[in-house]
Structure formats: structure tokens, C-alpha cells
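Heads up, the thing below is written out as C-alpha cells.
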2 protein chains.
Amino acid sequence: MADEFSFIRWIQSQQSKSAGVLVPAGDDMAVMNWPPGDLLLCAVDQVIDGVHFDSRQRSPRQIGRKVVNRNLSDCAAMACLPAAALACVALPRGCGEKYARELYLGMREAADVFSCPIVGGDTGSWDGKLVLSVTIMGKSAGIAPVLRSGARAGDFLYVSGPLGGSIISRHMDFRPKIALARELASKYRISAMIDISDGLSRDLGHICHESKVGAAINAPMIPIHFDAMALSKTDAISALDHALNDGEDHELLLCSADEIPGLFQIGQMTADPAIVIRRAGRTFPLTPAGWEHQL
Amino acid sequence: MADEFSFIRWIQSQQSKSAGVLVPAGDDMAVMNWPPGDLLLCAVDQVIDGVHFDSRQRSPRQIGRKVVNRNLSDCAAMACLPAAALACVALPRGCGEKYARELYLGMREAADVFSCPIVGGDTGSWDGKLVLSVTIMGKSAGIAPVLRSGARAGDFLYVSGPLGGSIISRHMDFRPKIALARELASKYRISAMIDISDGLSRDLGHICHESKVGAAINAPMIPIHFDAMALSKTDAISALDHALNDGEDHELLLCSADEIPGLFQIGQMTADPAIVIRRAGRTFPLTPAGWEHQL
């Protein structure tokens, strides 16, 4: 049977030093050469078998790509550049080293798109199912981080792409919008930004809560993904509700006082802390209904 | 039933800003103000129910402390100062928010000893058992990181404390030897260092492999923990074998050309890449037999 150290030695063979990475994976800690004067950002995100993916239906490559892309999408939400990642995996005992390598290669595929090295990790095996977490470190690299807390009443509310129905397949394979986020943050006054992972209604709630404002959305302005329409034909949920509440779209949701071409302007921030949606001349409260883990 | 966001809001209420932490947990990423000219170190380590602890026997406080202390022990192994941590937890569904809070408070207890803020995390729940991972970031803060790869033939081999039998209870509650590591690294020429987590025989193997040297250990010089002796009375394994092979001692194992008082000098590094142990006038090969995850 393959062992942990054979896998770790293989990972080490995949590593390389660079000006930024003085000591890559293989020691107790990786050592990075941090650019002076830059801000360091960091976040962690995990995927769990049966919750974020189904290991019977998805290849380890796909699973590896997904967990890294989720983290890269957090970089997009902050308008920072990915600098390095670390991965932690609890493997089902007996999955074999090939499976573990494929997970790693999937992570690498996603990280390589942004030249982000994977500089460390921890591997364990157990009687349970696959749990995979990734920590991402980012650098501001000349663009101030865009927080959730800066939205102001009167700001326009934008989303970067069509929403809903990601569960059909997009949630496993999406391109984090880092380049777009940094372009927007350098050209416009972006007062708040988040990536839509829990669903528009809930993630808008996060911005409103942190910024102490409300929002009014115009239902007809919400871009509805083809997948949301396809899904609404198979269940009793409208395509609009899919667009409002489905998770893992990983589009950007942002607020700005500026008119921004090329984005979908779906509403406006309000001084009244309520979040409402306008449809056919009437106004309804928008209740957050995206994904939520019950503890 | 409690939900994820209620737990996250509670965690946010536990956070504070500082000169180093511009944006703590609560946004897509934490933002740290990195000291210019310093080196950034990072590592991740996890604990898994049934492998690293038994959730039926250990409190969530203990489990939280353990996972953070494992990471802090990696800081000791590199002689760096902890700067910030992130935590990722897959919770058994229905464990309740109190359990999740206790895990967090245990992590905080361990991190607070070293004034290390927990700046981010991810919470999920599932049908499986508890998996908890922590990422640690460290700063060199004036002391060059001590790698595994610098040992040279002729260096003395030292260990910082008695070994073996940690499974009885020490593995759940130990004090990472950060202060000692930094004192040693500032006073002496430490050529290689590691914290003993996989067992002396295996962790010495890591140093030898990375440094391309061998080692000769004197069996009578190995400090044997009382727990190793107690354990040897309950199984067919000698106390020496427990000291050589048991994992999770989290003592420092280090190489230096200097005579260092206050440490246990257990042998010497050799140009011959073999690792041997001398006992009663005879020399035996030392086979790594510490903990290893089978994939």
C-alpha cells in the first residue's frame, strides 16, 4: 500500500523555488520572501464530500480544481493577487496514491492559471470521506483590498454575470474573476465587493450587514443563467428564485457610486437597512435563502 | 437549530483589530499589515476524529488546543514567531453551536499564549466526523528560519526533552517550544531542526534525507519519558522503542556543531547516509517506525 511519505516526496518533486518562495513544501513551514510595503491577505475554504461535491460523480481533478478556485474567488472578492496556497486533505483510507496525486494536480491546474504556488500541506487518511481545505494568501500589489463594509446609500449594485443553477455543473468548474476585480478596483470607486458563494440574497445580506445599509433590487434586471431556467423546469422553483438563492455562482457582487459599463446593474443601496426586491410595480422583502450549514 | 452564520457572527465578536491585523475574520479574506523586510512562513496541519483524537473522550477545548499547538510547534521547528492563524472545520451535523464555540475557544487559548490572532476560517457541517485544520503564518522577526536541510556530518544531535508514550495524554496538551527554539537559534549555530511529531526515528530520517547525511544515535543517551515506561508495562514494546518511534512528542530535534547545555545530546550526524543506533557496544540500523498514514 502507498504511504503518506511516498506521496509527500512526490509532491516535493513537483515544487520549485522562486524569488518569492525561498523554501517550498517539504520543511516544517514554507518560507516566503514577502514584498516590503505590501499587504498580506489570507483566507481558508474547504470542500466536503457529499456537501460541496459527490466523489462518486466527480473526478479528483475536478475536486482539486474546485477547492482552489473557491479560494481564488475570495482573492477576486478582495481584488488581490494570489501569492501562495496551502492544502490540507483527509483522505478516505485505501483511496490510493494516484487519487491523492490527481487531487493535487487538479489544485495545481487551477492555481497555475494565476501562477500561484502550492507551498505546503498536510495529508491524513481515515475511515471517513474526503475533506479538502485550501488556505490562500494574497498580496494587494498596488490595489487597496475591497472590503464588504464600504457600501453607501445611493451606490449602484452590480453583478458580474448571470446567476442560478450552478449545481448542474458550473459549481465544479468556474474561472475566478480576479482580473476583472482588479480592473474594476483600479478604474472605479468600488465601495464593497463579495463573490457570490452562498447565493445572491445571502451574500447581499453580508454586504448590507457589514456596511450598515440596505438594498433595493429590480427583479427584471437580474441576469438569469440558462442553468437556472433549465433547473426551474425540473423543480417547483422559479428561475428568478434560483438566481436569487442558489449558491456557488462565484460571480462578483459589488457596489459603486460610478456607472460601470459591462456589468449588470441590478439595484441600488439604501439608507433603510431592509433588503427589498421590486417586481411588477410592487416591493417585497428579500429573505436570505441561500445555502447555510446547520450546526 | 443553530446555523453557520450565527456561529460566524459570534466569532466576529471575538475578533479585534491590531497594528498587524487591518481586517480580521469577517470579510472574504483577512488583511495583515506585513512588516517590511521580514520573512513570511506558513504551514497547515489538521486533526481528524479517530486518528489524532477521540471525540468521545476529549473535550472540544482540548481538541481545539491540540490542533493549534501542533501548528505552533511547527513555528518552533523553524524558530519563527507565530503571526496569525486560520481555522477550517468540518463539523458533525447536529453537534450544536456550543460545541463549535468550544473548539474555537480551545484554539484561542493555545494561540493567545503566543499573542497569535485567529484571523479567518471556514465552517461546514456534514454527516461525517470532526475534521479540523489550522493554517499558521509566522514571521522570522530577526532570526533566520532553521531548515531541515542544513545538518552536516560531525554535528551533534540533540533533543529537547524526554520521549515516548505521549498517547497516554501529553499528545492532547503540550506547550510548543517556540521560546526555546528562538533562544537556541540566536545563541548557537543550529544547522537543522524539526519538531518530533511522527516519532524520533522517522523525524530524524526527515533531517537526514533533507541534509543528505546519516546519524548515529547512542541508545543510553535517549531521554525516556515516564509515560514510555508506563506504556511498556501494558504492551510488549520496550520503553526505548516507545521513545524512538512514538509520535506527537513535539520536542525539538536539532543538529549543531556547538556544545549546547540543557539539551539531551543523543548522537552525532555522519557522512555515511545510514541511520544507526548503538547499544551495549553493538550497532544496529534504526528503521523509521513512527506514525504513517496509509493512503
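Each chain of the C-alpha cells is named A, B, ... in the order shown, its residues numbered from 1; ligands are numbered from 1 in display order.
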
Can you tell me which residues surround B:Ile224 at a distance of at most 6 Å, considering only C-alpha atoms, apart from same-chain residues fewer than 3 positions away, and format the answer as a ChimeraX atom specification? /B:162-163,243

Okay, now the selection with C-alpha atoms, as a compact mmCIF listing (two decimals), in the first residue's frame?
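Output file selection32.txt follows:
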# COMPACT_ATOMS: atom_id res chain seq x y z
CA PRO B 162 12.08 13.06 27.19
CA LEU B 163 10.30 11.00 24.56
CA ALA B 243 10.86 6.74 22.82

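Near stretch 59-62 of chain A, within a cut-off of 6 Å and counting only C-alpha atoms, sit the residues Glu102, Leu103 and Gly106 of chain A, with same-chain residues fewer than 6 positions away left out.
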
Generate a file of the selected residues that holds all heavy atoms, formatted as a short mmCIF file (atom, residue, chain, number, x, y, z; two decimals), in the first residue's frame.
data_model
loop_
_atom_site.label_atom_id
_atom_site.label_comp_id
_atom_site.auth_asym_id
_atom_site.auth_seq_id
_atom_site.Cartn_x
_atom_site.Cartn_y
_atom_site.Cartn_z
N GLU A 102 -3.92 12.99 -8.14
CA GLU A 102 -4.88 13.65 -9.03
C GLU A 102 -5.52 14.86 -8.34
O GLU A 102 -5.76 15.89 -8.97
CB GLU A 102 -5.96 12.65 -9.47
CG GLU A 102 -5.47 11.64 -10.51
CD GLU A 102 -5.24 12.30 -11.86
OE1 GLU A 102 -6.14 13.02 -12.33
OE2 GLU A 102 -4.15 12.11 -12.44
N LEU A 103 -5.83 14.72 -7.05
CA LEU A 103 -6.35 15.87 -6.29
C LEU A 103 -5.35 17.02 -6.36
O LEU A 103 -5.71 18.17 -6.64
CB LEU A 103 -6.56 15.50 -4.82
CG LEU A 103 -7.80 14.70 -4.44
CD1 LEU A 103 -7.70 14.29 -2.98
CD2 LEU A 103 -9.07 15.51 -4.67
N GLY A 106 -5.16 18.57 -9.80
CA GLY A 106 -6.31 19.44 -10.02
C GLY A 106 -6.12 20.80 -9.34
O GLY A 106 -6.39 21.85 -9.93
#

Quick one: pick out all alpha helix (DSSP H) residues within stretch 121-194 of chain A from a backbone DSSP run and write them as a ChimeraX atom specification. /A:178-187

Kindly export the residues of the current selection with N, CA and C atoms, as a PDB file, in the first residue's frame.
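What landed in selection.pdb:
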ATOM      1  N   ILE A 178     -10.576  37.230 -10.978  1.00  0.00           N
ATOM      2  CA  ILE A 178      -9.527  38.059 -10.372  1.00  0.00           C
ATOM      3  C   ILE A 178      -9.143  39.218 -11.285  1.00  0.00           C
ATOM      4  N   ALA A 179      -8.943  38.944 -12.551  1.00  0.00           N
ATOM      5  CA  ALA A 179      -8.522  40.003 -13.480  1.00  0.00           C
ATOM      6  C   ALA A 179      -9.601  41.082 -13.551  1.00  0.00           C
ATOM      7  N   LEU A 180     -10.861  40.673 -13.659  1.00  0.00           N
ATOM      8  CA  LEU A 180     -11.963  41.633 -13.703  1.00  0.00           C
ATOM      9  C   LEU A 180     -12.007  42.466 -12.425  1.00  0.00           C
ATOM     10  N   ALA A 181     -11.886  41.799 -11.278  1.00  0.00           N
ATOM     11  CA  ALA A 181     -11.966  42.502  -9.990  1.00  0.00           C
ATOM     12  C   ALA A 181     -10.873  43.571  -9.887  1.00  0.00           C
ATOM     13  N   ARG A 182      -9.671  43.207 -10.291  1.00  0.00           N
ATOM     14  CA  ARG A 182      -8.569  44.172 -10.178  1.00  0.00           C
ATOM     15  C   ARG A 182      -8.721  45.309 -11.186  1.00  0.00           C
ATOM     16  N   GLU A 183      -9.255  44.993 -12.357  1.00  0.00           N
ATOM     17  CA  GLU A 183      -9.502  46.044 -13.340  1.00  0.00           C
ATOM     18  C   GLU A 183     -10.562  47.020 -12.807  1.00  0.00           C
ATOM     19  N   LEU A 184     -11.631  46.473 -12.256  1.00  0.00           N
ATOM     20  CA  LEU A 184     -12.697  47.322 -11.714  1.00  0.00           C
ATOM     21  C   LEU A 184     -12.160  48.185 -10.569  1.00  0.00           C
ATOM     22  N   ALA A 185     -11.404  47.543  -9.664  1.00  0.00           N
ATOM     23  CA  ALA A 185     -10.919  48.270  -8.478  1.00  0.00           C
ATOM     24  C   ALA A 185      -9.910  49.352  -8.848  1.00  0.00           C
ATOM     25  N   SER A 186      -9.248  49.179  -9.986  1.00  0.00           N
ATOM     26  CA  SER A 186      -8.275  50.203 -10.366  1.00  0.00           C
ATOM     27  C   SER A 186      -8.922  51.324 -11.189  1.00  0.00           C
ATOM     28  N   LYS A 187     -10.077  51.046 -11.829  1.00  0.00           N
ATOM     29  CA  LYS A 187     -10.720  52.053 -12.686  1.00  0.00           C
ATOM     30  C   LYS A 187     -11.854  52.816 -12.001  1.00  0.00           C
TER      31      LYS A 187
END

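Taking atom CA of B:Gly26 and atom CA of A:Leu39 as endpoints, the distance between them is 17.1 Å.
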
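Each of A:Ala153, A:Ser55, A:Ala289, A:Asp195 was compared to chain B using only C-alpha atoms, and A:Asp195 turns out to be the nearest.
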
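When only C-alpha atoms are used to measure the gap to chain A, the shortest distance among B:Arg152, B:His293, B:Arg189, B:His242 belongs to B:His293.
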
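The closest residue to B:Ala84, picked from A:Gln57, A:Ala43, A:Asp272, A:Leu252 and counting only C-alpha atoms, is A:Ala43.
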
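Taking only C-alpha atoms into account, B:Ala79 lies nearest to A:Val31 out of the set A:Ile190, A:Val119, A:Val51, A:Val31.
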
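The residue that comes closest to B:Cys88, out of A:Ala228, A:Asp258, A:Pro288, A:Thr135 and on the basis of only C-alpha atoms, is A:Thr135.
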
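Proximity to B:Thr270 at 6 Å, evaluated using only C-alpha atoms and with sequence-adjacent residues fewer than 4 positions away removed, yields Ala153, Gly154, Val213, Gly214 and Ala215 of chain B.
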
Taking the backbone alone, and naming residues the way the document does, which bits of stretch 101-149 of chain A are strand (DSSP E) by DSSP, as a PyMOL selection string? chain A and resi 118-126+131-139

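A straight line drawn from atom CA of B:His171 to atom CA of B:Val113 is 17.8 Å long.
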
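Here the question is which of A:Pro261, A:Gly120, A:Gly64, A:Pro82 gets nearest to chain B using only C-alpha atoms, and that residue is A:Gly120.
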
With a distance cut-off of 7 Å and only C-alpha atoms, select the neighbouring residues of B:Glu97, excluding the residue or stretch itself and same-chain residues fewer than 2 positions from it, and output the selection as a list in words. Leu295 of chain A; Ala2, Phe7, Cys95, Tyr99, Ala100 and Arg101 of chain B

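Omitting A:Gly124 and its sequence neighbours fewer than 4 positions away, and counting only C-alpha atoms, the residues within 10 Å are Glu4, Cys88, Val89, Ala90, Leu91, Pro92, Arg93 and Val131 of chain A; Asp45, Gln46, Val47, Ile48, Val51, His52, Glu292, His293, Gln294 and Leu295 of chain B.
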
Please, could you write that set of residues out with N, CA, C and O atoms as an mmCIF file, in the first residue's frame?
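Contents of part_37.cif, as written:
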data_model
loop_
_atom_site.group_PDB
_atom_site.id
_atom_site.type_symbol
_atom_site.label_atom_id
_atom_site.label_comp_id
_atom_site.auth_asym_id
_atom_site.auth_seq_id
_atom_site.Cartn_x
_atom_site.Cartn_y
_atom_site.Cartn_z
ATOM 1 N N GLU A 4 1.919 7.831 3.150
ATOM 2 C CA GLU A 4 1.901 9.286 3.171
ATOM 3 C C GLU A 4 3.213 9.885 2.659
ATOM 4 O O GLU A 4 3.214 10.851 1.891
ATOM 5 N N CYS A 88 -4.808 21.010 2.736
ATOM 6 C CA CYS A 88 -4.918 20.049 3.825
ATOM 7 C C CYS A 88 -5.965 19.022 3.392
ATOM 8 O O CYS A 88 -7.074 19.395 3.009
ATOM 9 N N VAL A 89 -5.612 17.739 3.450
ATOM 10 C CA VAL A 89 -6.554 16.743 2.954
ATOM 11 C C VAL A 89 -6.701 15.571 3.921
ATOM 12 O O VAL A 89 -5.709 15.038 4.427
ATOM 13 N N ALA A 90 -7.951 15.224 4.216
ATOM 14 C CA ALA A 90 -8.268 13.990 4.938
ATOM 15 C C ALA A 90 -8.772 12.999 3.887
ATOM 16 O O ALA A 90 -9.863 13.173 3.333
ATOM 17 N N LEU A 91 -7.958 11.994 3.585
ATOM 18 C CA LEU A 91 -8.254 11.049 2.502
ATOM 19 C C LEU A 91 -8.952 9.808 3.032
ATOM 20 O O LEU A 91 -8.576 9.296 4.089
ATOM 21 N N PRO A 92 -9.927 9.312 2.303
ATOM 22 C CA PRO A 92 -10.511 8.015 2.670
ATOM 23 C C PRO A 92 -9.413 6.944 2.580
ATOM 24 O O PRO A 92 -8.729 6.862 1.562
ATOM 25 N N ARG A 93 -9.233 6.178 3.650
ATOM 26 C CA ARG A 93 -8.181 5.162 3.666
ATOM 27 C C ARG A 93 -8.376 4.211 2.487
ATOM 28 O O ARG A 93 -9.491 3.779 2.203
ATOM 29 N N VAL A 131 -12.263 15.181 2.827
ATOM 30 C CA VAL A 131 -12.369 16.578 3.215
ATOM 31 C C VAL A 131 -11.092 17.262 2.748
ATOM 32 O O VAL A 131 -9.994 16.775 3.017
ATOM 33 N N ASP B 45 -1.821 22.166 9.303
ATOM 34 C CA ASP B 45 -1.819 20.877 9.986
ATOM 35 C C ASP B 45 -3.249 20.590 10.445
ATOM 36 O O ASP B 45 -3.972 21.505 10.815
ATOM 37 N N GLN B 46 -3.643 19.322 10.390
ATOM 38 C CA GLN B 46 -5.016 19.000 10.726
ATOM 39 C C GLN B 46 -5.091 17.946 11.828
ATOM 40 O O GLN B 46 -4.129 17.221 12.067
ATOM 41 N N VAL B 47 -6.240 17.879 12.496
ATOM 42 C CA VAL B 47 -6.547 16.762 13.385
ATOM 43 C C VAL B 47 -7.877 16.158 12.940
ATOM 44 O O VAL B 47 -8.803 16.866 12.535
ATOM 45 N N ILE B 48 -7.935 14.826 12.990
ATOM 46 C CA ILE B 48 -9.053 14.056 12.462
ATOM 47 C C ILE B 48 -9.580 13.151 13.566
ATOM 48 O O ILE B 48 -8.789 12.465 14.221
ATOM 49 N N VAL B 51 -8.270 9.581 14.573
ATOM 50 C CA VAL B 51 -6.852 9.445 14.208
ATOM 51 C C VAL B 51 -5.981 10.209 15.210
ATOM 52 O O VAL B 51 -5.116 9.628 15.858
ATOM 53 N N HIS B 52 -6.262 11.503 15.351
ATOM 54 C CA HIS B 52 -5.452 12.345 16.227
ATOM 55 C C HIS B 52 -6.095 12.580 17.588
ATOM 56 O O HIS B 52 -5.473 13.136 18.488
ATOM 57 N N GLU B 292 2.534 6.681 10.323
ATOM 58 C CA GLU B 292 2.485 6.914 8.888
ATOM 59 C C GLU B 292 1.052 6.665 8.418
ATOM 60 O O GLU B 292 0.480 5.629 8.714
ATOM 61 N N HIS B 293 0.485 7.639 7.698
ATOM 62 C CA HIS B 293 -0.853 7.450 7.140
ATOM 63 C C HIS B 293 -0.772 6.560 5.903
ATOM 64 O O HIS B 293 0.013 6.837 5.002
ATOM 65 N N GLN B 294 -1.554 5.503 5.853
ATOM 66 C CA GLN B 294 -1.623 4.668 4.651
ATOM 67 C C GLN B 294 -2.672 5.234 3.709
ATOM 68 O O GLN B 294 -3.803 5.473 4.113
ATOM 69 N N LEU B 295 -2.294 5.450 2.460
ATOM 70 C CA LEU B 295 -3.241 6.074 1.506
ATOM 71 C C LEU B 295 -4.060 5.013 0.781
ATOM 72 O O LEU B 295 -3.662 3.886 0.659
#

Contacts of A:Ala85 at 10 Å (only C-alpha atoms; same-chain gap of 5+ positions) as JSON, numbers by chain: {"A": [42, 43, 44, 68, 71, 72, 107, 108, 111, 116, 117, 118, 119, 120, 121, 134, 135, 136, 137, 138], "B": [42, 43]}
